[in-house]
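See below for data29.cif, which holds mmCIF, C-alpha atoms and all ligand atoms.
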data_run
loop_
_atom_site.label_atom_id
_atom_site.label_comp_id
_atom_site.auth_asym_id
_atom_site.auth_seq_id
_atom_site.Cartn_x
_atom_site.Cartn_y
_atom_site.Cartn_z
CA MET A 1 0.00 0.00 0.00
CA ASN A 2 1.15 3.54 -0.72
CA GLN A 3 2.31 5.58 2.27
CA PRO A 4 -0.23 8.24 3.34
CA ILE A 5 0.21 11.76 1.97
CA VAL A 6 0.08 14.47 4.65
CA LEU A 7 -0.20 18.20 3.93
CA GLY A 8 1.17 20.38 6.75
CA ILE A 9 0.39 24.05 7.31
CA GLU A 10 2.52 26.39 9.43
CA THR A 11 1.55 29.99 10.23
CA SER A 12 2.71 30.53 13.82
CA CYS A 13 4.93 33.53 13.09
CA ASP A 14 5.87 35.30 9.85
CA GLU A 15 6.21 32.31 7.50
CA THR A 16 3.21 31.03 5.56
CA ALA A 17 4.51 27.54 4.96
CA VAL A 18 3.08 24.40 3.41
CA GLY A 19 4.85 21.04 3.33
CA ILE A 20 3.72 17.79 1.78
CA VAL A 21 5.17 14.41 2.71
CA ARG A 22 4.44 10.87 1.62
CA GLY A 23 5.41 8.67 4.57
CA ARG A 24 8.89 10.00 5.31
CA THR A 25 9.52 11.37 1.81
CA LEU A 26 9.40 15.14 1.38
CA LEU A 27 7.40 16.03 -1.74
CA ALA A 28 7.14 19.82 -1.35
CA ASN A 29 8.19 22.53 1.07
CA VAL A 30 6.99 26.02 0.11
CA ILE A 31 7.56 29.09 2.27
CA ALA A 32 6.16 32.59 1.73
CA SER A 33 7.78 34.86 4.31
CA SER A 34 6.60 38.32 5.30
CA VAL A 35 9.93 39.03 7.05
CA GLU A 36 10.71 42.01 4.83
CA GLU A 37 7.50 43.73 5.90
CA HIS A 38 8.60 43.44 9.55
CA ALA A 39 12.28 44.32 9.15
CA ARG A 40 11.85 48.07 9.54
CA PHE A 41 10.06 47.48 12.89
CA GLY A 42 12.96 45.33 14.17
CA GLY A 43 10.65 42.43 14.96
CA VAL A 44 7.51 40.62 13.82
CA VAL A 45 4.35 42.77 13.94
CA PRO A 46 1.43 40.39 14.63
CA GLU A 47 -1.24 42.24 12.63
CA ILE A 48 1.02 42.48 9.56
CA ALA A 49 1.85 38.78 9.87
CA SER A 50 -1.85 37.77 9.99
CA ARG A 51 -2.71 39.82 6.92
CA ALA A 52 0.26 38.42 5.01
CA HIS A 53 -0.83 34.88 5.92
CA LEU A 54 -4.33 35.57 4.57
CA GLU A 55 -2.89 36.71 1.25
CA ALA A 56 -0.31 33.95 0.94
CA MET A 57 -2.22 30.93 2.25
CA GLN A 58 -4.05 29.82 -0.86
CA PRO A 59 -1.24 30.43 -3.40
CA THR A 60 1.21 28.64 -1.10
CA ILE A 61 -1.03 25.57 -0.87
CA MET A 62 -1.51 25.56 -4.65
CA GLN A 63 2.22 25.87 -5.29
CA ALA A 64 3.04 23.03 -2.88
CA LEU A 65 0.50 20.77 -4.61
CA LYS A 66 2.01 21.65 -7.97
CA ILE A 67 5.56 20.88 -6.83
CA ALA A 68 4.45 17.62 -5.23
CA ASN A 69 2.64 16.85 -8.47
CA ILE A 70 -0.55 15.80 -6.70
CA SER A 71 -4.08 17.13 -6.47
CA LEU A 72 -5.94 18.01 -3.28
CA ARG A 73 -7.90 14.78 -3.58
CA ASP A 74 -4.68 12.78 -3.16
CA VAL A 75 -4.11 14.16 0.34
CA ASP A 76 -4.85 11.62 3.09
CA ALA A 77 -4.53 13.87 6.15
CA ILE A 78 -4.07 17.53 7.07
CA ALA A 79 -1.65 18.69 9.77
CA VAL A 80 -1.54 22.21 11.16
CA THR A 81 0.34 24.17 13.80
CA ALA A 82 -2.11 24.85 16.64
CA GLY A 83 0.42 26.65 18.88
CA PRO A 84 2.50 28.11 20.35
CA GLY A 85 2.71 31.28 18.28
CA LEU A 86 0.94 34.52 17.46
CA VAL A 87 -2.75 33.81 17.88
CA GLY A 88 -3.95 35.85 14.90
CA ALA A 89 -1.34 34.18 12.71
CA LEU A 90 -2.15 30.69 13.98
CA LEU A 91 -5.86 31.22 13.26
CA VAL A 92 -5.23 31.73 9.54
CA GLY A 93 -3.52 28.33 9.26
CA VAL A 94 -6.09 26.65 11.47
CA GLY A 95 -8.93 28.12 9.38
CA ALA A 96 -7.35 26.87 6.17
CA ALA A 97 -6.67 23.41 7.62
CA THR A 98 -10.19 23.08 9.00
CA GLY A 99 -11.68 24.07 5.65
CA LEU A 100 -9.54 21.52 3.83
CA ALA A 101 -10.31 18.73 6.31
CA LEU A 102 -14.05 19.41 6.07
CA GLY A 103 -14.08 19.83 2.30
CA LEU A 104 -11.97 16.73 1.64
CA ASP A 105 -13.49 14.74 4.52
CA LYS A 106 -10.01 13.81 5.76
CA PRO A 107 -8.60 13.65 9.29
CA MET A 108 -6.85 16.69 10.72
CA TYR A 109 -4.06 16.81 13.30
CA ALA A 110 -3.68 20.04 15.30
CA LEU A 111 -0.04 19.98 16.35
CA ASN A 112 2.55 21.60 18.56
CA HIS A 113 5.02 23.78 16.64
CA LEU A 114 7.92 22.82 18.95
CA ALA A 115 7.39 19.08 18.60
CA ALA A 116 7.16 19.66 14.84
CA HIS A 117 10.62 21.32 14.87
CA ILE A 118 12.05 18.09 16.33
CA SER A 119 9.98 15.82 14.05
CA VAL A 120 11.49 17.18 10.87
CA ASP A 121 14.53 15.01 11.58
CA PHE A 122 12.31 12.08 10.56
CA LEU A 123 12.58 13.25 6.93
CA THR A 124 16.38 13.17 7.01
CA HIS A 125 17.53 10.31 9.20
CA ALA A 126 16.27 6.74 8.97
CA ALA A 127 16.64 5.93 12.68
CA PRO A 128 13.67 6.46 15.00
CA ILE A 129 13.73 9.87 16.65
CA GLU A 130 13.44 8.61 20.21
CA PRO A 131 14.67 8.22 22.85
CA THR A 132 16.64 11.42 22.54
CA ILE A 133 17.49 14.64 24.26
CA ALA A 134 16.32 17.59 22.16
CA LEU A 135 17.75 21.08 22.31
CA LEU A 136 15.05 23.32 20.92
CA VAL A 137 16.33 26.80 20.13
CA SER A 138 14.19 29.27 18.22
CA GLY A 139 13.17 32.91 18.27
CA GLY A 140 10.55 32.29 20.93
CA HIS A 141 11.79 29.23 22.81
CA SER A 142 14.90 27.64 24.26
CA SER A 143 14.33 24.34 26.00
CA LEU A 144 16.02 21.08 26.79
CA LEU A 145 13.64 18.19 26.34
CA GLN A 146 13.63 14.47 26.86
CA VAL A 147 11.73 12.91 23.98
CA ASN A 148 10.44 9.49 24.99
CA GLU A 149 7.96 9.20 22.14
CA ILE A 150 7.62 12.10 19.72
CA THR A 151 3.86 11.61 19.19
CA ASP A 152 3.09 11.00 22.83
CA SER A 153 5.65 11.85 25.52
CA ILE A 154 7.96 14.85 25.73
CA VAL A 155 9.36 15.80 29.14
CA LYS A 156 10.70 19.28 29.79
CA LEU A 157 14.09 19.21 31.53
CA GLY A 158 14.74 22.94 31.43
CA ALA A 159 14.12 26.19 29.59
CA THR A 160 15.29 29.76 29.37
CA MET A 161 14.46 31.98 32.31
CA ASP A 162 14.46 35.12 30.17
CA ASP A 163 15.26 35.55 26.47
CA ALA A 164 15.17 32.73 23.94
CA ALA A 165 18.51 32.09 22.21
CA GLY A 166 17.21 33.43 18.88
CA GLU A 167 15.79 36.47 20.62
CA ALA A 168 19.24 37.19 22.09
CA PHE A 169 20.75 36.97 18.58
CA ASP A 170 18.04 39.31 17.26
CA LYS A 171 18.46 41.85 20.07
CA ILE A 172 22.26 41.99 19.87
CA ALA A 173 22.03 42.30 16.09
CA ARG A 174 19.76 45.28 16.61
CA VAL A 175 22.30 46.91 18.97
CA MET A 176 24.98 46.25 16.34
CA LYS A 177 22.68 47.59 13.58
CA LEU A 178 22.86 44.35 11.60
CA GLY A 179 19.16 44.16 10.69
CA PHE A 180 16.43 41.61 11.38
CA PRO A 181 16.42 38.66 11.84
CA GLY A 182 19.75 38.89 13.59
CA GLY A 183 20.84 35.26 13.79
CA PRO A 184 21.97 34.81 10.18
CA ALA A 185 23.68 38.24 10.17
CA ILE A 186 25.69 37.51 13.34
CA ASP A 187 26.51 34.02 12.08
CA ALA A 188 27.93 35.46 8.84
CA LEU A 189 29.87 38.26 10.55
CA ALA A 190 31.30 35.89 13.18
CA HIS A 191 33.15 33.97 10.46
CA LYS A 192 35.43 36.99 10.13
CA GLY A 193 36.00 37.37 13.88
CA ASP A 194 37.86 35.74 16.75
CA GLU A 195 35.57 33.92 19.18
CA THR A 196 38.18 34.12 21.95
CA ALA A 197 38.61 37.90 21.63
CA ILE A 198 36.16 38.80 24.41
CA ASP A 199 35.25 36.56 27.33
CA PHE A 200 31.50 37.18 27.60
CA PRO A 201 29.60 35.57 30.52
CA ARG A 202 28.06 32.08 30.30
CA GLY A 203 24.65 32.28 32.01
CA LEU A 204 23.65 29.83 34.77
CA THR A 205 26.95 27.96 34.88
CA THR A 206 28.20 28.58 38.44
CA ALA A 207 28.64 25.54 40.68
CA ASN A 208 25.42 26.48 42.43
CA ASP A 209 23.55 26.83 39.10
CA TRP A 210 24.72 23.37 38.06
CA ARG A 211 23.25 22.02 41.33
CA THR A 212 19.95 23.91 41.25
CA ARG A 213 19.23 24.70 37.55
CA PRO A 214 21.41 22.38 35.48
CA PHE A 215 19.20 22.44 32.38
CA ASP A 216 17.93 26.03 32.43
CA PHE A 217 19.32 28.89 30.39
CA SER A 218 19.64 32.64 30.89
CA PHE A 219 20.85 35.03 28.22
CA SER A 220 19.90 38.40 29.71
CA GLY A 221 23.27 38.80 31.54
CA LEU A 222 25.12 38.08 28.31
CA LYS A 223 22.95 40.56 26.44
CA THR A 224 23.70 43.28 29.00
CA ALA A 225 27.42 42.47 28.96
CA VAL A 226 27.58 42.79 25.17
CA ALA A 227 25.58 46.03 25.19
CA ARG A 228 27.88 47.48 27.90
CA TYR A 229 30.99 46.42 25.99
CA ILE A 230 29.72 48.13 22.84
CA GLU A 231 28.82 51.28 24.74
CA ALA A 232 32.24 51.43 26.39
CA THR A 233 34.16 50.67 23.19
CA PRO A 234 33.02 53.10 20.45
CA ASP A 235 35.35 51.67 17.78
CA TYR A 236 34.72 48.05 18.74
CA ALA A 237 35.66 45.27 16.33
CA LYS A 238 32.23 44.14 15.11
CA ALA A 239 33.30 40.71 13.90
CA ASN A 240 35.05 39.91 17.20
CA VAL A 241 31.97 40.91 19.20
CA ALA A 242 29.73 38.82 16.93
CA ALA A 243 32.03 35.78 17.21
CA SER A 244 32.54 36.09 20.98
CA PHE A 245 28.84 36.65 21.68
CA GLN A 246 27.88 33.71 19.47
CA GLU A 247 30.50 31.53 21.21
CA ALA A 248 29.06 32.36 24.65
CA ILE A 249 25.57 31.25 23.57
CA VAL A 250 26.66 28.15 21.69
CA ASP A 251 29.03 27.06 24.48
CA VAL A 252 26.28 27.12 27.13
CA LEU A 253 23.70 25.45 24.87
CA LEU A 254 26.06 22.54 24.26
CA LEU A 255 27.37 22.27 27.83
CA LYS A 256 23.81 21.87 29.09
CA SER A 257 22.68 19.57 26.28
CA LEU A 258 25.54 17.16 26.91
CA ALA A 259 24.95 17.36 30.67
CA ALA A 260 21.33 16.33 29.99
CA CYS A 261 22.52 13.37 27.91
CA LYS A 262 24.82 12.32 30.73
CA ALA A 263 22.23 12.76 33.50
CA THR A 264 19.56 10.77 31.65
CA GLY A 265 21.88 8.17 30.13
CA ILE A 266 20.48 9.01 26.67
CA ASP A 267 23.30 9.08 24.12
CA SER A 268 21.38 10.89 21.39
CA LEU A 269 20.94 14.62 20.79
CA ILE A 270 18.71 16.39 18.27
CA ILE A 271 19.16 20.14 17.84
CA ALA A 272 16.14 21.87 16.30
CA GLY A 273 14.58 25.31 15.77
CA GLY A 274 15.82 28.35 13.88
CA VAL A 275 19.05 28.74 15.88
CA ALA A 276 20.02 25.17 14.89
CA ALA A 277 20.84 26.73 11.51
CA ASN A 278 23.78 28.50 13.21
CA SER A 279 27.02 27.30 11.64
CA ARG A 280 29.13 27.57 14.80
CA LEU A 281 26.54 25.62 16.82
CA ARG A 282 26.57 22.89 14.16
CA THR A 283 30.38 22.61 14.03
CA LEU A 284 30.95 22.70 17.77
CA ALA A 285 28.07 20.28 18.43
CA GLN A 286 29.65 17.80 16.02
CA ALA A 287 33.03 17.98 17.76
CA ARG A 288 31.71 17.83 21.31
CA CYS A 289 29.18 15.05 20.65
CA GLU A 290 31.84 12.95 18.96
CA LYS A 291 34.07 13.36 21.98
CA ALA A 292 31.23 12.49 24.39
CA GLY A 293 30.06 9.49 22.37
CA VAL A 294 26.65 11.10 21.71
CA ARG A 295 24.89 10.59 18.38
CA LEU A 296 24.05 14.03 16.97
CA ARG A 297 21.27 14.88 14.55
CA ILE A 298 20.63 18.39 13.22
CA PRO A 299 18.22 18.96 10.32
CA ALA A 300 19.51 20.72 7.20
CA PRO A 301 19.57 24.51 7.81
CA ALA A 302 16.52 25.12 5.57
CA LEU A 303 14.50 22.68 7.69
CA CYS A 304 15.62 24.28 10.99
CA THR A 305 13.83 27.61 10.53
CA ASP A 306 10.03 27.57 10.38
CA ASN A 307 8.61 25.48 7.54
CA GLY A 308 5.63 23.35 6.59
CA ALA A 309 7.59 20.13 6.11
CA MET A 310 8.09 19.83 9.86
CA VAL A 311 4.35 20.01 10.49
CA ALA A 312 3.67 17.47 7.74
CA ALA A 313 6.41 15.25 9.24
CA LEU A 314 4.81 15.24 12.69
CA GLY A 315 1.42 14.65 11.02
CA SER A 316 2.88 11.68 9.20
CA LEU A 317 4.25 10.29 12.47
CA MET A 318 0.81 10.77 14.06
CA VAL A 319 -0.85 8.81 11.25
CA ALA A 320 1.76 6.05 11.48
CA ALA A 321 1.33 5.80 15.25
CA GLY A 322 -2.46 5.55 14.86
CA ARG A 323 -3.11 8.63 17.00
CA THR A 324 -6.66 9.99 17.17
CA PRO A 325 -7.20 12.98 14.87
CA SER A 326 -8.19 16.34 16.37
CA PRO A 327 -11.80 17.46 16.62
CA ILE A 328 -12.85 19.67 13.71
CA ALA A 329 -13.53 22.54 16.14
CA PHE A 330 -10.59 23.34 18.39
CA ASP A 331 -8.91 26.45 19.75
CA ALA A 332 -5.48 27.53 18.61
CA ASP A 333 -3.36 28.05 21.73
CA SER A 334 -0.74 30.81 21.59
CA SER A 335 1.05 29.36 24.64
CA LEU A 336 0.61 25.64 24.01
CA PRO A 337 3.15 23.88 26.28
CA VAL A 338 5.71 21.65 24.58
CA THR A 339 4.39 18.69 26.54
CA THR A 340 1.03 18.92 24.69
CA ILE A 341 1.94 17.43 21.32
CA ASN A 342 -1.53 17.53 19.75
CA ILE A 343 -4.92 18.99 20.57
O1 LIG B 401 12.31 28.52 14.57
P1 LIG B 401 12.31 29.88 13.97
O2 LIG B 401 12.41 30.00 12.47
O3 LIG B 401 11.06 30.69 14.40
C1 LIG B 401 10.52 30.57 15.70
O4 LIG B 401 9.78 29.59 15.93
O5 LIG B 401 10.89 31.44 16.53
O6 LIG B 401 13.53 30.68 14.64
C2 LIG B 401 13.81 32.00 14.31
C3 LIG B 401 15.05 32.43 15.09
C4 LIG B 401 15.36 33.91 14.93
O7 LIG B 401 15.56 34.47 16.22
C5 LIG B 401 16.65 33.93 14.11
O8 LIG B 401 17.50 35.02 14.40
C6 LIG B 401 17.28 32.60 14.53
O9 LIG B 401 16.20 31.71 14.63
N1 LIG B 401 18.24 32.13 13.53
C7 LIG B 401 19.56 32.02 13.77
C8 LIG B 401 20.16 31.60 12.54
N2 LIG B 401 19.17 31.47 11.61
C9 LIG B 401 18.01 31.80 12.23
N3 LIG B 401 20.28 32.23 14.89
C10 LIG B 401 21.61 32.04 14.82
N4 LIG B 401 22.25 31.67 13.69
C11 LIG B 401 21.59 31.44 12.54
N5 LIG B 401 22.24 31.07 11.43
ZN ZN B 402 9.82 27.80 15.07
#
In structure tokens, how does this file's structure come out?
Amino acid sequence: MNQPIVLGIETSCDETAVGIVRGRTLLANVIASSVEEHARFGGVVPEIASRAHLEAMQPTIMQALKIANISLRDVDAIAVTAGPGLVGALLVGVGAATGLALGLDKPMYALNHLAAHISVDFLTHAAPIEPTIALLVSGGHSSLLQVNEITDSIVKLGATMDDAAGEAFDKIARVMKLGFPGGPAIDALAHKGDETAIDFPRGLTTANDWRTRPFDFSFSGLKTAVARYIEATPDYAKANVAASFQEAIVDVLLLKSLAACKATGIDSLIIAGGVAANSRLRTLAQARCEKAGVRLRIPAPALCTDNGAMVAALGSLMVAAGRTPSPIAFDADSSLPVTTINI
């Protein structure tokens, strides 16, 4: 029998994204981003994002179908991001998914965006995702998770106490006038700098922190330290600041991820979310995981930032696991906890 075809819709932030998978094969992954409309505001403006989703939703679905070379009638199930995210943005995707599920009379899976970020690995690596530790680092979230069963059981080991890692990249990029989003700009600039030039602080890594908050993160101290350094050094070397700041974030993310592997006895790490596209994080993770005997999986950079393939991938896993589809009427949840994988 043919593997089921799942169409996934993602609209939690500024990307209108549609992915189509057949089983674990990616057939299409189309992204219409409104990022340029937000850039001059230095961050995503919810109302602009919602309007852009409304305009882009239908053409994006049609383009994905065309690339996958299928018609709507070939789709076996619909998957959609139900949260967390901007509520007005989420509602556009949820409305589209509900309409499709009703019109096609197919099951719909209302899914967690964060679990979807991890699930996308399923399209790249043949091995089962779990059990694994997952470092989830995006613009809105930074968490360390223990994934027992991706469609059923995710345990939160720790999270950021203040800024998300991506948010820290975006804010420092703003201070350095590098534009929005800041992560890719800092990543590129850091290649020309020396990561040992400035010893910026590593949040929550004192002996006491390791005892009381081993798997939590804090980036606000680092952010302040970088801002102070820039203020006090008018002709600062931009590339060195970018490289040293990036190193401080990446170092802590990996220290804590590997500590989680050790504490749980799980020798597998998946790094997911937009910040997983960071080239220094990818290189250093490879080296440190090799040394620690931990199997590392990081999706291709284009699958790390928000996309529809990840939602379709989790939908496909839901179908394969025989999970109950979502009710046709459900509420999008802007603060859906990572432990709630589907609604
Ligand atoms: O997962 P994502 O696309 O959207 C959210 O769910 O938040 O993550 C976006 C975040 C942004 O903060 C962006 O600056 C960051 O991921 N990012 C990066 C890189 N590419 C994207 N951060 C560091 N290095 C990168 N290469
Ligand atoms: Zn995301």
key: Nearest candidate to Val137 of chain A (options A:Glu36, A:Asp121, A:Glu10, A:Asp306; using all atoms listed in the file)   = A:Asp306
task = For Ile9 of chain A, work out the shell of residues within 8 Å, counting only C-alpha atoms and skipping chain neighbours fewer than 6 positions away, then give it as a PyMOL selection string.
result = chain A and resi 16-19+78-81+93+97+308+311-312
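Nearest residue to ligand LIG 401 (chain B) among A:Asp74, A:Asp105, A:Asp187, A:Asp14 is A:Asp187, counting all atoms listed in the file.
Distance check against ligand LIG 401 (chain B) using all atoms listed in the file: of A:Thr339, A:Gln246, A:Thr98, A:Thr196, the minimum falls on A:Gln246.
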query = Using all atoms listed in the file, what residues lie at most 10 Å away from (11.7, 13.0, 9.0) (file coordinates), given as JSON, numbers by chain?
reply = {"A": [21, 23, 24, 25, 26, 116, 118, 119, 120, 121, 122, 123, 124, 125, 126, 127, 128, 129, 299, 309, 310, 312, 313, 314, 316, 317]}
Report the closest atom pair, with its distance in Å rounded to one decimal, for each residue of chain A that has an atom no farther than 7 Å from ligand ZN 402 (chain B); count all atoms listed in the file, sort by chain and then rising residue number, and write it as CSV.
residue,atom,partner,partner_atom,distance
A:His113,CA,B:ZN402,ZN,6.5
A:Leu114,CA,B:ZN402,ZN,6.6
A:His117,CA,B:ZN402,ZN,6.5
A:Ser138,CA,B:ZN402,ZN,5.6
A:Gly139,CA,B:ZN402,ZN,6.9
A:Gly273,CA,B:ZN402,ZN,5.4
A:Gly274,CA,B:ZN402,ZN,6.1
A:Thr305,CA,B:ZN402,ZN,6.1
A:Asp306,CA,B:ZN402,ZN,4.7
request  = Could you report the residues within 7 Å of ligand LIG 401 (chain B), using only C-alpha atoms and all ligand atoms, as an MDAnalysis selection string?
outcome  = chainID A and resid 13 138:141 166:167 169:170 181:184 186:187 273:279 304:306
Mind dumping the selected residues with C-alpha atoms as a CSV table (one decimal), in the coordinates of the input?
chain,number,residue,atom,x,y,z
A,13,CYS,CA,4.9,33.5,13.1
A,138,SER,CA,14.2,29.3,18.2
A,139,GLY,CA,13.2,32.9,18.3
A,140,GLY,CA,10.6,32.3,20.9
A,141,HIS,CA,11.8,29.2,22.8
A,166,GLY,CA,17.2,33.4,18.9
A,167,GLU,CA,15.8,36.5,20.6
A,169,PHE,CA,20.8,37.0,18.6
A,170,ASP,CA,18.0,39.3,17.3
A,181,PRO,CA,16.4,38.7,11.8
A,182,GLY,CA,19.8,38.9,13.6
A,183,GLY,CA,20.8,35.3,13.8
A,184,PRO,CA,22.0,34.8,10.2
A,186,ILE,CA,25.7,37.5,13.3
A,187,ASP,CA,26.5,34.0,12.1
A,273,GLY,CA,14.6,25.3,15.8
A,274,GLY,CA,15.8,28.4,13.9
A,275,VAL,CA,19.0,28.7,15.9
A,276,ALA,CA,20.0,25.2,14.9
A,277,ALA,CA,20.8,26.7,11.5
A,278,ASN,CA,23.8,28.5,13.2
A,279,SER,CA,27.0,27.3,11.6
A,304,CYS,CA,15.6,24.3,11.0
A,305,THR,CA,13.8,27.6,10.5
A,306,ASP,CA,10.0,27.6,10.4
key: Residue neighbourhood Ala64 of chain A, 7 Å, only C-alpha atoms, exclusion window fewer than 2 positions, as a PyMOL selection string   = chain A and resi 18-19+28-30+60-62+66-68
